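Quick look at data-v8.txt (compact mmCIF, N, CA and C atoms):
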```
# COMPACT_ATOMS: atom_id res chain seq x y z
N MET A 1086 15.76 22.54 41.84
CA MET A 1086 15.05 22.25 40.61
C MET A 1086 15.44 20.87 40.14
N GLN A 1087 14.45 20.09 39.82
CA GLN A 1087 14.68 18.72 39.40
C GLN A 1087 14.68 18.65 37.87
N VAL A 1088 15.69 17.99 37.33
CA VAL A 1088 15.81 17.87 35.88
C VAL A 1088 15.40 16.45 35.49
N TYR A 1089 14.44 16.36 34.59
CA TYR A 1089 13.97 15.06 34.13
C TYR A 1089 14.69 14.69 32.83
N ALA A 1090 14.97 13.44 32.71
CA ALA A 1090 15.61 12.97 31.48
C ALA A 1090 14.60 13.02 30.36
N ARG A 1091 15.02 13.52 29.24
CA ARG A 1091 14.15 13.56 28.06
C ARG A 1091 14.13 12.19 27.41
N PRO A 1092 12.98 11.77 26.91
CA PRO A 1092 12.95 10.48 26.23
C PRO A 1092 13.84 10.50 25.00
N ARG A 1093 14.47 9.43 24.72
CA ARG A 1093 15.41 9.36 23.59
C ARG A 1093 14.67 8.85 22.35
N TRP A 1094 13.86 9.70 21.76
CA TRP A 1094 13.17 9.35 20.52
C TRP A 1094 14.13 9.60 19.37
N PRO A 1095 14.11 8.75 18.40
CA PRO A 1095 14.98 9.01 17.25
C PRO A 1095 14.51 10.26 16.52
N SER A 1096 15.47 11.03 16.07
CA SER A 1096 15.12 12.23 15.33
C SER A 1096 14.54 11.83 13.98
N SER A 1097 13.88 12.76 13.32
CA SER A 1097 13.26 12.43 12.04
C SER A 1097 14.32 12.06 11.01
N SER A 1098 15.50 12.65 11.09
CA SER A 1098 16.54 12.29 10.12
C SER A 1098 17.05 10.87 10.36
N SER A 1099 17.12 10.43 11.63
CA SER A 1099 17.57 9.06 11.86
C SER A 1099 16.49 8.06 11.47
N ARG A 1100 15.21 8.43 11.64
CA ARG A 1100 14.14 7.55 11.17
C ARG A 1100 14.20 7.41 9.66
N PHE A 1101 14.50 8.52 8.97
CA PHE A 1101 14.61 8.47 7.51
C PHE A 1101 15.80 7.60 7.12
N ARG A 1102 16.93 7.73 7.83
CA ARG A 1102 18.09 6.90 7.55
C ARG A 1102 17.74 5.42 7.76
N ASN A 1103 16.95 5.12 8.78
CA ASN A 1103 16.54 3.75 9.02
C ASN A 1103 15.72 3.22 7.86
N LEU A 1104 14.90 4.06 7.27
CA LEU A 1104 14.10 3.65 6.12
C LEU A 1104 14.98 3.37 4.91
N LEU A 1105 16.07 4.12 4.79
CA LEU A 1105 16.97 3.94 3.66
C LEU A 1105 17.75 2.64 3.71
N VAL A 1106 17.99 2.11 4.90
CA VAL A 1106 18.81 0.90 5.01
C VAL A 1106 17.98 -0.39 5.04
N LEU A 1107 16.67 -0.27 4.94
CA LEU A 1107 15.83 -1.47 4.94
C LEU A 1107 16.06 -2.29 3.67
N SER A 1108 15.96 -3.60 3.81
CA SER A 1108 16.02 -4.46 2.63
C SER A 1108 14.74 -4.27 1.83
N SER A 1109 14.72 -4.76 0.62
CA SER A 1109 13.53 -4.59 -0.22
C SER A 1109 12.32 -5.28 0.38
N ALA A 1110 12.51 -6.45 1.01
CA ALA A 1110 11.39 -7.15 1.64
C ALA A 1110 10.88 -6.37 2.84
N GLU A 1111 11.77 -5.79 3.63
CA GLU A 1111 11.35 -5.00 4.78
C GLU A 1111 10.64 -3.73 4.34
N LEU A 1112 11.14 -3.12 3.27
CA LEU A 1112 10.51 -1.91 2.75
C LEU A 1112 9.11 -2.22 2.22
N LEU A 1113 8.98 -3.34 1.55
CA LEU A 1113 7.67 -3.76 1.05
C LEU A 1113 6.72 -4.04 2.22
N GLN A 1114 7.25 -4.59 3.30
CA GLN A 1114 6.43 -4.84 4.49
C GLN A 1114 5.97 -3.53 5.11
N VAL A 1115 6.82 -2.51 5.09
CA VAL A 1115 6.42 -1.19 5.60
C VAL A 1115 5.26 -0.65 4.77
N LEU A 1116 5.36 -0.78 3.45
CA LEU A 1116 4.27 -0.33 2.58
C LEU A 1116 2.99 -1.09 2.89
N VAL A 1117 3.08 -2.39 3.02
CA VAL A 1117 1.90 -3.21 3.32
C VAL A 1117 1.31 -2.80 4.67
N ASP A 1118 2.16 -2.50 5.64
CA ASP A 1118 1.67 -2.07 6.95
C ASP A 1118 0.94 -0.73 6.87
N VAL A 1119 1.45 0.18 6.06
CA VAL A 1119 0.78 1.47 5.87
C VAL A 1119 -0.58 1.24 5.22
N LEU A 1120 -0.63 0.40 4.20
CA LEU A 1120 -1.90 0.11 3.54
C LEU A 1120 -2.86 -0.62 4.48
N ALA A 1121 -2.31 -1.46 5.35
CA ALA A 1121 -3.15 -2.17 6.32
C ALA A 1121 -3.73 -1.22 7.36
N SER A 1122 -3.08 -0.08 7.58
CA SER A 1122 -3.65 0.91 8.50
C SER A 1122 -4.90 1.55 7.90
N MET A 1123 -5.06 1.42 6.59
CA MET A 1123 -6.25 1.95 5.92
C MET A 1123 -7.33 0.89 5.81
N ASP A 1124 -6.92 -0.37 5.63
CA ASP A 1124 -7.87 -1.47 5.49
C ASP A 1124 -7.23 -2.75 6.03
N ASN A 1125 -7.89 -3.36 7.00
CA ASN A 1125 -7.33 -4.55 7.64
C ASN A 1125 -7.15 -5.71 6.67
N GLU A 1126 -7.89 -5.73 5.58
CA GLU A 1126 -7.73 -6.81 4.60
C GLU A 1126 -6.38 -6.76 3.90
N MET A 1127 -5.69 -5.64 4.02
CA MET A 1127 -4.37 -5.51 3.41
C MET A 1127 -3.26 -5.97 4.35
N ALA A 1128 -3.60 -6.46 5.52
CA ALA A 1128 -2.60 -6.94 6.48
C ALA A 1128 -2.02 -8.25 5.96
N LEU A 1129 -0.85 -8.16 5.36
CA LEU A 1129 -0.20 -9.31 4.75
C LEU A 1129 1.20 -9.46 5.33
N ASP A 1130 1.72 -10.65 5.24
CA ASP A 1130 3.12 -10.89 5.59
C ASP A 1130 3.84 -11.17 4.28
N VAL A 1131 4.74 -10.28 3.89
CA VAL A 1131 5.37 -10.40 2.58
C VAL A 1131 6.27 -11.64 2.49
N ARG A 1132 6.68 -12.17 3.62
CA ARG A 1132 7.54 -13.36 3.61
C ARG A 1132 6.76 -14.61 3.25
N THR A 1133 5.49 -14.66 3.59
CA THR A 1133 4.70 -15.87 3.36
C THR A 1133 3.71 -15.74 2.22
N GLN A 1134 3.41 -14.53 1.81
CA GLN A 1134 2.42 -14.29 0.76
C GLN A 1134 3.00 -14.59 -0.61
N GLU A 1135 2.20 -15.15 -1.48
CA GLU A 1135 2.59 -15.36 -2.88
C GLU A 1135 2.82 -13.99 -3.51
N ASN A 1136 3.97 -13.82 -4.20
CA ASN A 1136 4.38 -12.50 -4.69
C ASN A 1136 3.38 -11.92 -5.69
N GLU A 1137 2.97 -12.69 -6.68
CA GLU A 1137 2.06 -12.16 -7.71
C GLU A 1137 0.70 -11.80 -7.10
N GLU A 1138 0.24 -12.64 -6.20
CA GLU A 1138 -1.04 -12.38 -5.54
C GLU A 1138 -0.97 -11.10 -4.70
N MET A 1139 0.14 -10.93 -3.99
CA MET A 1139 0.32 -9.75 -3.15
C MET A 1139 0.39 -8.48 -4.00
N VAL A 1140 1.16 -8.53 -5.09
CA VAL A 1140 1.29 -7.37 -5.97
C VAL A 1140 -0.05 -7.00 -6.57
N SER A 1141 -0.80 -7.99 -7.02
CA SER A 1141 -2.10 -7.70 -7.61
C SER A 1141 -3.05 -7.10 -6.57
N LYS A 1142 -2.98 -7.58 -5.34
CA LYS A 1142 -3.82 -7.04 -4.26
C LYS A 1142 -3.44 -5.59 -3.94
N ILE A 1143 -2.13 -5.31 -3.90
CA ILE A 1143 -1.67 -3.95 -3.63
C ILE A 1143 -2.09 -3.01 -4.75
N ILE A 1144 -1.88 -3.43 -5.99
CA ILE A 1144 -2.24 -2.57 -7.13
C ILE A 1144 -3.74 -2.32 -7.17
N GLN A 1145 -4.52 -3.34 -6.93
CA GLN A 1145 -5.97 -3.16 -6.91
C GLN A 1145 -6.37 -2.18 -5.80
N PHE A 1146 -5.73 -2.28 -4.64
CA PHE A 1146 -6.07 -1.40 -3.53
C PHE A 1146 -5.66 0.04 -3.81
N ILE A 1147 -4.46 0.25 -4.38
CA ILE A 1147 -4.05 1.64 -4.63
C ILE A 1147 -4.84 2.24 -5.80
N LYS A 1148 -5.38 1.39 -6.68
CA LYS A 1148 -6.29 1.90 -7.72
C LYS A 1148 -7.56 2.43 -7.07
N ILE A 1149 -8.08 1.69 -6.11
CA ILE A 1149 -9.28 2.13 -5.39
C ILE A 1149 -9.02 3.45 -4.68
N LEU A 1150 -7.78 3.60 -4.17
CA LEU A 1150 -7.42 4.84 -3.48
C LEU A 1150 -7.12 5.98 -4.45
N LYS A 1151 -7.14 5.69 -5.75
CA LYS A 1151 -6.89 6.66 -6.82
C LYS A 1151 -5.43 7.11 -6.86
N TYR A 1152 -4.52 6.15 -6.69
CA TYR A 1152 -3.09 6.46 -6.83
C TYR A 1152 -2.83 6.91 -8.26
N PRO A 1153 -2.26 8.10 -8.46
CA PRO A 1153 -2.17 8.67 -9.81
C PRO A 1153 -1.05 8.13 -10.68
N ASN A 1154 -0.07 7.42 -10.12
CA ASN A 1154 1.11 7.05 -10.90
C ASN A 1154 1.13 5.60 -11.36
N ILE A 1155 -0.02 4.97 -11.45
CA ILE A 1155 -0.07 3.63 -12.02
C ILE A 1155 -0.04 3.79 -13.53
N PRO A 1156 0.96 3.20 -14.19
CA PRO A 1156 1.08 3.38 -15.64
C PRO A 1156 -0.12 2.81 -16.39
N THR A 1157 -0.46 3.46 -17.49
CA THR A 1157 -1.57 3.00 -18.31
C THR A 1157 -1.09 2.06 -19.41
N ASP A 1158 0.15 2.23 -19.84
CA ASP A 1158 0.74 1.36 -20.86
C ASP A 1158 0.98 -0.02 -20.26
N GLU A 1159 0.63 -1.07 -21.01
CA GLU A 1159 0.72 -2.44 -20.51
C GLU A 1159 2.15 -2.81 -20.10
N ALA A 1160 3.14 -2.47 -20.93
CA ALA A 1160 4.53 -2.81 -20.61
C ALA A 1160 5.01 -2.06 -19.37
N GLU A 1161 4.63 -0.79 -19.29
CA GLU A 1161 5.01 0.01 -18.12
C GLU A 1161 4.32 -0.51 -16.86
N ARG A 1162 3.07 -0.91 -16.98
CA ARG A 1162 2.33 -1.45 -15.84
C ARG A 1162 2.96 -2.75 -15.35
N GLU A 1163 3.41 -3.57 -16.30
CA GLU A 1163 4.09 -4.81 -15.93
C GLU A 1163 5.40 -4.53 -15.20
N ARG A 1164 6.15 -3.54 -15.70
CA ARG A 1164 7.41 -3.15 -15.05
C ARG A 1164 7.14 -2.57 -13.66
N PHE A 1165 6.06 -1.79 -13.53
CA PHE A 1165 5.66 -1.23 -12.24
C PHE A 1165 5.34 -2.36 -11.25
N GLY A 1166 4.57 -3.34 -11.70
CA GLY A 1166 4.22 -4.48 -10.84
C GLY A 1166 5.43 -5.30 -10.45
N ARG A 1167 6.34 -5.50 -11.39
CA ARG A 1167 7.56 -6.24 -11.10
C ARG A 1167 8.41 -5.48 -10.08
N GLY A 1168 8.52 -4.16 -10.27
CA GLY A 1168 9.28 -3.34 -9.33
C GLY A 1168 8.66 -3.34 -7.94
N LEU A 1169 7.34 -3.31 -7.91
CA LEU A 1169 6.64 -3.36 -6.63
C LEU A 1169 6.87 -4.70 -5.94
N GLY A 1170 6.79 -5.78 -6.69
CA GLY A 1170 6.99 -7.11 -6.13
C GLY A 1170 8.41 -7.33 -5.64
N GLN A 1171 9.37 -6.67 -6.28
CA GLN A 1171 10.76 -6.81 -5.86
C GLN A 1171 11.13 -5.80 -4.78
N GLY A 1172 10.19 -4.92 -4.45
CA GLY A 1172 10.45 -3.92 -3.42
C GLY A 1172 11.42 -2.84 -3.85
N GLU A 1173 11.40 -2.49 -5.13
CA GLU A 1173 12.29 -1.44 -5.64
C GLU A 1173 11.96 -0.13 -4.94
N LYS A 1174 13.00 0.52 -4.48
CA LYS A 1174 12.82 1.75 -3.70
C LYS A 1174 12.13 2.84 -4.50
N SER A 1175 12.43 2.94 -5.79
CA SER A 1175 11.83 4.00 -6.60
C SER A 1175 10.31 3.85 -6.67
N VAL A 1176 9.83 2.63 -6.69
CA VAL A 1176 8.39 2.38 -6.76
C VAL A 1176 7.75 2.51 -5.38
N VAL A 1177 8.35 1.84 -4.40
CA VAL A 1177 7.75 1.79 -3.06
C VAL A 1177 7.78 3.17 -2.39
N TYR A 1178 8.88 3.91 -2.54
CA TYR A 1178 8.96 5.24 -1.92
C TYR A 1178 7.88 6.18 -2.44
N GLN A 1179 7.61 6.12 -3.75
CA GLN A 1179 6.57 6.99 -4.33
C GLN A 1179 5.21 6.69 -3.73
N ILE A 1180 4.90 5.40 -3.61
CA ILE A 1180 3.60 5.03 -3.04
C ILE A 1180 3.54 5.41 -1.57
N LEU A 1181 4.63 5.17 -0.84
CA LEU A 1181 4.67 5.55 0.58
C LEU A 1181 4.50 7.05 0.76
N GLN A 1182 5.23 7.83 -0.01
CA GLN A 1182 5.14 9.28 0.11
C GLN A 1182 3.73 9.76 -0.18
N TRP A 1183 3.15 9.27 -1.26
CA TRP A 1183 1.80 9.68 -1.65
C TRP A 1183 0.79 9.30 -0.58
N SER A 1184 0.89 8.07 -0.08
CA SER A 1184 -0.12 7.60 0.88
C SER A 1184 0.05 8.24 2.25
N LEU A 1185 1.27 8.46 2.70
CA LEU A 1185 1.47 9.06 4.02
C LEU A 1185 1.09 10.54 4.04
N GLN A 1186 1.24 11.22 2.92
CA GLN A 1186 0.84 12.62 2.86
C GLN A 1186 -0.68 12.78 2.92
N ARG A 1187 -1.42 11.74 2.56
CA ARG A 1187 -2.88 11.82 2.49
C ARG A 1187 -3.55 10.79 3.39
N LEU A 1188 -2.87 10.32 4.40
CA LEU A 1188 -3.33 9.19 5.18
C LEU A 1188 -4.76 9.33 5.71
N PRO A 1189 -5.14 10.43 6.38
CA PRO A 1189 -6.52 10.50 6.90
C PRO A 1189 -7.59 10.41 5.80
N SER A 1190 -7.38 11.10 4.70
CA SER A 1190 -8.40 11.05 3.64
C SER A 1190 -8.40 9.69 2.95
N LEU A 1191 -7.23 9.05 2.83
CA LEU A 1191 -7.19 7.72 2.22
C LEU A 1191 -7.82 6.66 3.12
N GLN A 1192 -7.69 6.83 4.43
CA GLN A 1192 -8.36 5.90 5.34
C GLN A 1192 -9.87 5.99 5.17
N LYS A 1193 -10.36 7.20 5.01
CA LYS A 1193 -11.79 7.39 4.80
C LYS A 1193 -12.22 6.80 3.45
N ARG A 1194 -11.41 7.03 2.41
CA ARG A 1194 -11.73 6.51 1.09
C ARG A 1194 -11.72 4.98 1.09
N ALA A 1195 -10.76 4.38 1.79
CA ALA A 1195 -10.69 2.92 1.85
C ALA A 1195 -11.91 2.35 2.57
N TYR A 1196 -12.36 3.03 3.62
CA TYR A 1196 -13.54 2.57 4.34
C TYR A 1196 -14.78 2.65 3.45
N LEU A 1197 -14.95 3.78 2.78
CA LEU A 1197 -16.13 3.96 1.93
C LEU A 1197 -16.09 3.07 0.70
N ALA A 1198 -14.91 2.73 0.23
CA ALA A 1198 -14.78 1.92 -0.98
C ALA A 1198 -15.41 0.54 -0.81
N LYS A 1199 -15.41 0.03 0.41
CA LYS A 1199 -16.02 -1.28 0.65
C LYS A 1199 -17.48 -1.28 0.24
N TYR A 1200 -18.12 -0.13 0.35
CA TYR A 1200 -19.55 -0.03 0.08
C TYR A 1200 -19.85 0.55 -1.30
N LEU A 1201 -18.86 1.17 -1.92
CA LEU A 1201 -19.11 1.85 -3.18
C LEU A 1201 -18.54 1.15 -4.41
N VAL A 1202 -17.60 0.24 -4.23
CA VAL A 1202 -17.02 -0.47 -5.36
C VAL A 1202 -17.99 -1.57 -5.78
N PRO A 1203 -18.37 -1.62 -7.06
CA PRO A 1203 -19.31 -2.65 -7.50
C PRO A 1203 -18.69 -4.05 -7.38
N GLU A 1204 -19.49 -4.98 -6.96
CA GLU A 1204 -19.06 -6.37 -6.84
C GLU A 1204 -19.07 -7.02 -8.21
N GLN A 1205 -18.11 -7.90 -8.44
CA GLN A 1205 -18.05 -8.66 -9.68
C GLN A 1205 -18.94 -9.89 -9.55
N ILE A 1206 -19.99 -9.93 -10.35
CA ILE A 1206 -20.93 -11.06 -10.31
C ILE A 1206 -20.57 -12.00 -11.45
N PRO A 1207 -20.35 -13.28 -11.16
CA PRO A 1207 -20.02 -14.24 -12.22
C PRO A 1207 -21.10 -14.28 -13.30
N GLN A 1208 -20.68 -14.48 -14.53
CA GLN A 1208 -21.58 -14.45 -15.67
C GLN A 1208 -22.68 -15.51 -15.55
N GLU A 1209 -22.39 -16.65 -14.97
CA GLU A 1209 -23.40 -17.72 -14.86
C GLU A 1209 -24.59 -17.31 -14.00
N PHE A 1210 -24.38 -16.36 -13.09
CA PHE A 1210 -25.49 -15.89 -12.26
C PHE A 1210 -26.24 -14.74 -12.90
N MET A 1211 -25.71 -14.19 -13.96
CA MET A 1211 -26.33 -13.06 -14.62
C MET A 1211 -27.39 -13.50 -15.64
N MET A 1212 -27.44 -14.75 -15.97
CA MET A 1212 -28.36 -15.24 -17.01
C MET A 1212 -29.70 -15.60 -16.40
N ASP A 1213 -30.77 -15.28 -17.12
CA ASP A 1213 -32.12 -15.68 -16.71
C ASP A 1213 -32.35 -17.13 -17.07
N GLU A 1214 -32.91 -17.87 -16.14
CA GLU A 1214 -33.26 -19.24 -16.44
C GLU A 1214 -34.74 -19.26 -16.81
N VAL A 1215 -35.04 -19.74 -17.99
CA VAL A 1215 -36.42 -19.77 -18.48
C VAL A 1215 -36.94 -21.16 -18.50
```
Could you spell out this file's structure in structure tokens?
Amino acid sequence: MQVYARPRWPSSSSRFRNLLVLSSAELLQVLVDVLASMDNEMALDVRTQENEEMVSKIIQFIKILKYPNIPTDEAERERFGRGLGQGEKSVVYQILQWSLQRLPSLQKRAYLAKYLVPEQIPQEFMMDEV
């Protein structure tokens, strides 16, 4: 009887430990990569992207996905955005957990959102010229 070597895949607990030791920038990159798996326009490099622009893009995208934990209070929303931009684990882990638990349905929602989200038309084009 021939015995084959089993592939040495990391166990789920070691993968989780690896996630815990990531720096905030690496953790933010993991989040961006997960979001990019839903929409290629979210494929960003957190090292080169402007922080405020990246945070606003992420927040806009998770709003489209109907992420339930975006604060409604202005001060709380600002703190949420700051925490997201700094890669705070409490903020990023919640978004990761929520999105990974619903990945197939969120991929579908992200695809359909391209066609269902109304486009912002500049006011100058909305006026009738007489």
- Which residue, A:Tyr1152, A:Phe1146, A:Tyr1178, A:Tyr1200, has the smallest gap to A:Leu1112 when you use only C-alpha atoms? A:Tyr1178
- Task: Could you tell me which of A:Asn1125, A:Ser1108, A:Asn1103, A:Gln1179 comes closest to A:Gln1192 if we count only C-alpha atoms?
- Result: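 For A:Gln1192, the nearest of the given residues is A:Asn1125.
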- Residue with smallest distance to A:Glu1173 - pool A:Leu1107, A:Leu1191, A:Met1139, A:Ile1144, counting only C-alpha atoms: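 Among the listed residues, A:Leu1107 lies closest to A:Glu1173.
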- Query: Would you give me, as a VMD selection string, the residues in stretch 1133-1206 of chain A that DSSP reads as helix (DSSP H, G or I)?
  - Reply: chain A and resid 1136 to 1149 1159 to 1170 1174 to 1186 1188 to 1201
Using the file's own x, y and z axes, so that the box edges lie along x, y and z, what centre and edge lengths in Å (one decimal) does a box around every listed atom of stretch 1109-1116 of chain A get when 5 Å is added on each side? Give it as AutoDock Vina command-line options.
```
--center_x 8.9 --center_y -3.7 --center_z 2.7 --size_x 21.7 --size_y 16.8 --size_z 15.8
```
- Message: Quick check, in Å to one decimal: how far apart do atom C of A:Arg1162 and atom N of A:Val1202 lie?
- Response: 23.6 Å
When you get a chance, write out N, CA, C and O atoms for stretch 1104-1119 of chain A, as a short mmCIF file (atom, residue, chain, number, x, y, z; two decimals), in the coordinates of the input.
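In the end it all went to result_18.cif:
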```
data_model
loop_
_atom_site.label_atom_id
_atom_site.label_comp_id
_atom_site.auth_asym_id
_atom_site.auth_seq_id
_atom_site.Cartn_x
_atom_site.Cartn_y
_atom_site.Cartn_z
N LEU A 1104 14.90 4.06 7.27
CA LEU A 1104 14.10 3.65 6.12
C LEU A 1104 14.98 3.37 4.91
O LEU A 1104 14.71 2.47 4.13
N LEU A 1105 16.07 4.12 4.79
CA LEU A 1105 16.97 3.94 3.66
C LEU A 1105 17.75 2.64 3.71
O LEU A 1105 18.15 2.11 2.69
N VAL A 1106 17.99 2.11 4.90
CA VAL A 1106 18.81 0.90 5.01
C VAL A 1106 17.98 -0.39 5.04
O VAL A 1106 18.53 -1.46 5.16
N LEU A 1107 16.67 -0.27 4.94
CA LEU A 1107 15.83 -1.47 4.94
C LEU A 1107 16.06 -2.29 3.67
O LEU A 1107 16.29 -1.74 2.60
N SER A 1108 15.96 -3.60 3.81
CA SER A 1108 16.02 -4.46 2.63
C SER A 1108 14.74 -4.27 1.83
O SER A 1108 13.75 -3.70 2.32
N SER A 1109 14.72 -4.76 0.62
CA SER A 1109 13.53 -4.59 -0.22
C SER A 1109 12.32 -5.28 0.38
O SER A 1109 11.21 -4.77 0.31
N ALA A 1110 12.51 -6.45 1.01
CA ALA A 1110 11.39 -7.15 1.64
C ALA A 1110 10.88 -6.37 2.84
O ALA A 1110 9.66 -6.27 3.05
N GLU A 1111 11.77 -5.79 3.63
CA GLU A 1111 11.35 -5.00 4.78
C GLU A 1111 10.64 -3.73 4.34
O GLU A 1111 9.64 -3.33 4.95
N LEU A 1112 11.14 -3.12 3.27
CA LEU A 1112 10.51 -1.91 2.75
C LEU A 1112 9.11 -2.22 2.22
O LEU A 1112 8.16 -1.47 2.46
N LEU A 1113 8.98 -3.34 1.55
CA LEU A 1113 7.67 -3.76 1.05
C LEU A 1113 6.72 -4.04 2.22
O LEU A 1113 5.54 -3.72 2.16
N GLN A 1114 7.25 -4.59 3.30
CA GLN A 1114 6.43 -4.84 4.49
C GLN A 1114 5.97 -3.53 5.11
O GLN A 1114 4.83 -3.43 5.58
N VAL A 1115 6.82 -2.51 5.09
CA VAL A 1115 6.42 -1.19 5.60
C VAL A 1115 5.26 -0.65 4.77
O VAL A 1115 4.27 -0.14 5.30
N LEU A 1116 5.36 -0.78 3.45
CA LEU A 1116 4.27 -0.33 2.58
C LEU A 1116 2.99 -1.09 2.89
O LEU A 1116 1.92 -0.48 3.01
N VAL A 1117 3.08 -2.39 3.02
CA VAL A 1117 1.90 -3.21 3.32
C VAL A 1117 1.31 -2.80 4.67
O VAL A 1117 0.09 -2.73 4.82
N ASP A 1118 2.16 -2.50 5.64
CA ASP A 1118 1.67 -2.07 6.95
C ASP A 1118 0.94 -0.73 6.87
O ASP A 1118 -0.07 -0.53 7.54
N VAL A 1119 1.45 0.18 6.06
CA VAL A 1119 0.78 1.47 5.87
C VAL A 1119 -0.58 1.24 5.22
O VAL A 1119 -1.59 1.81 5.64
#
```
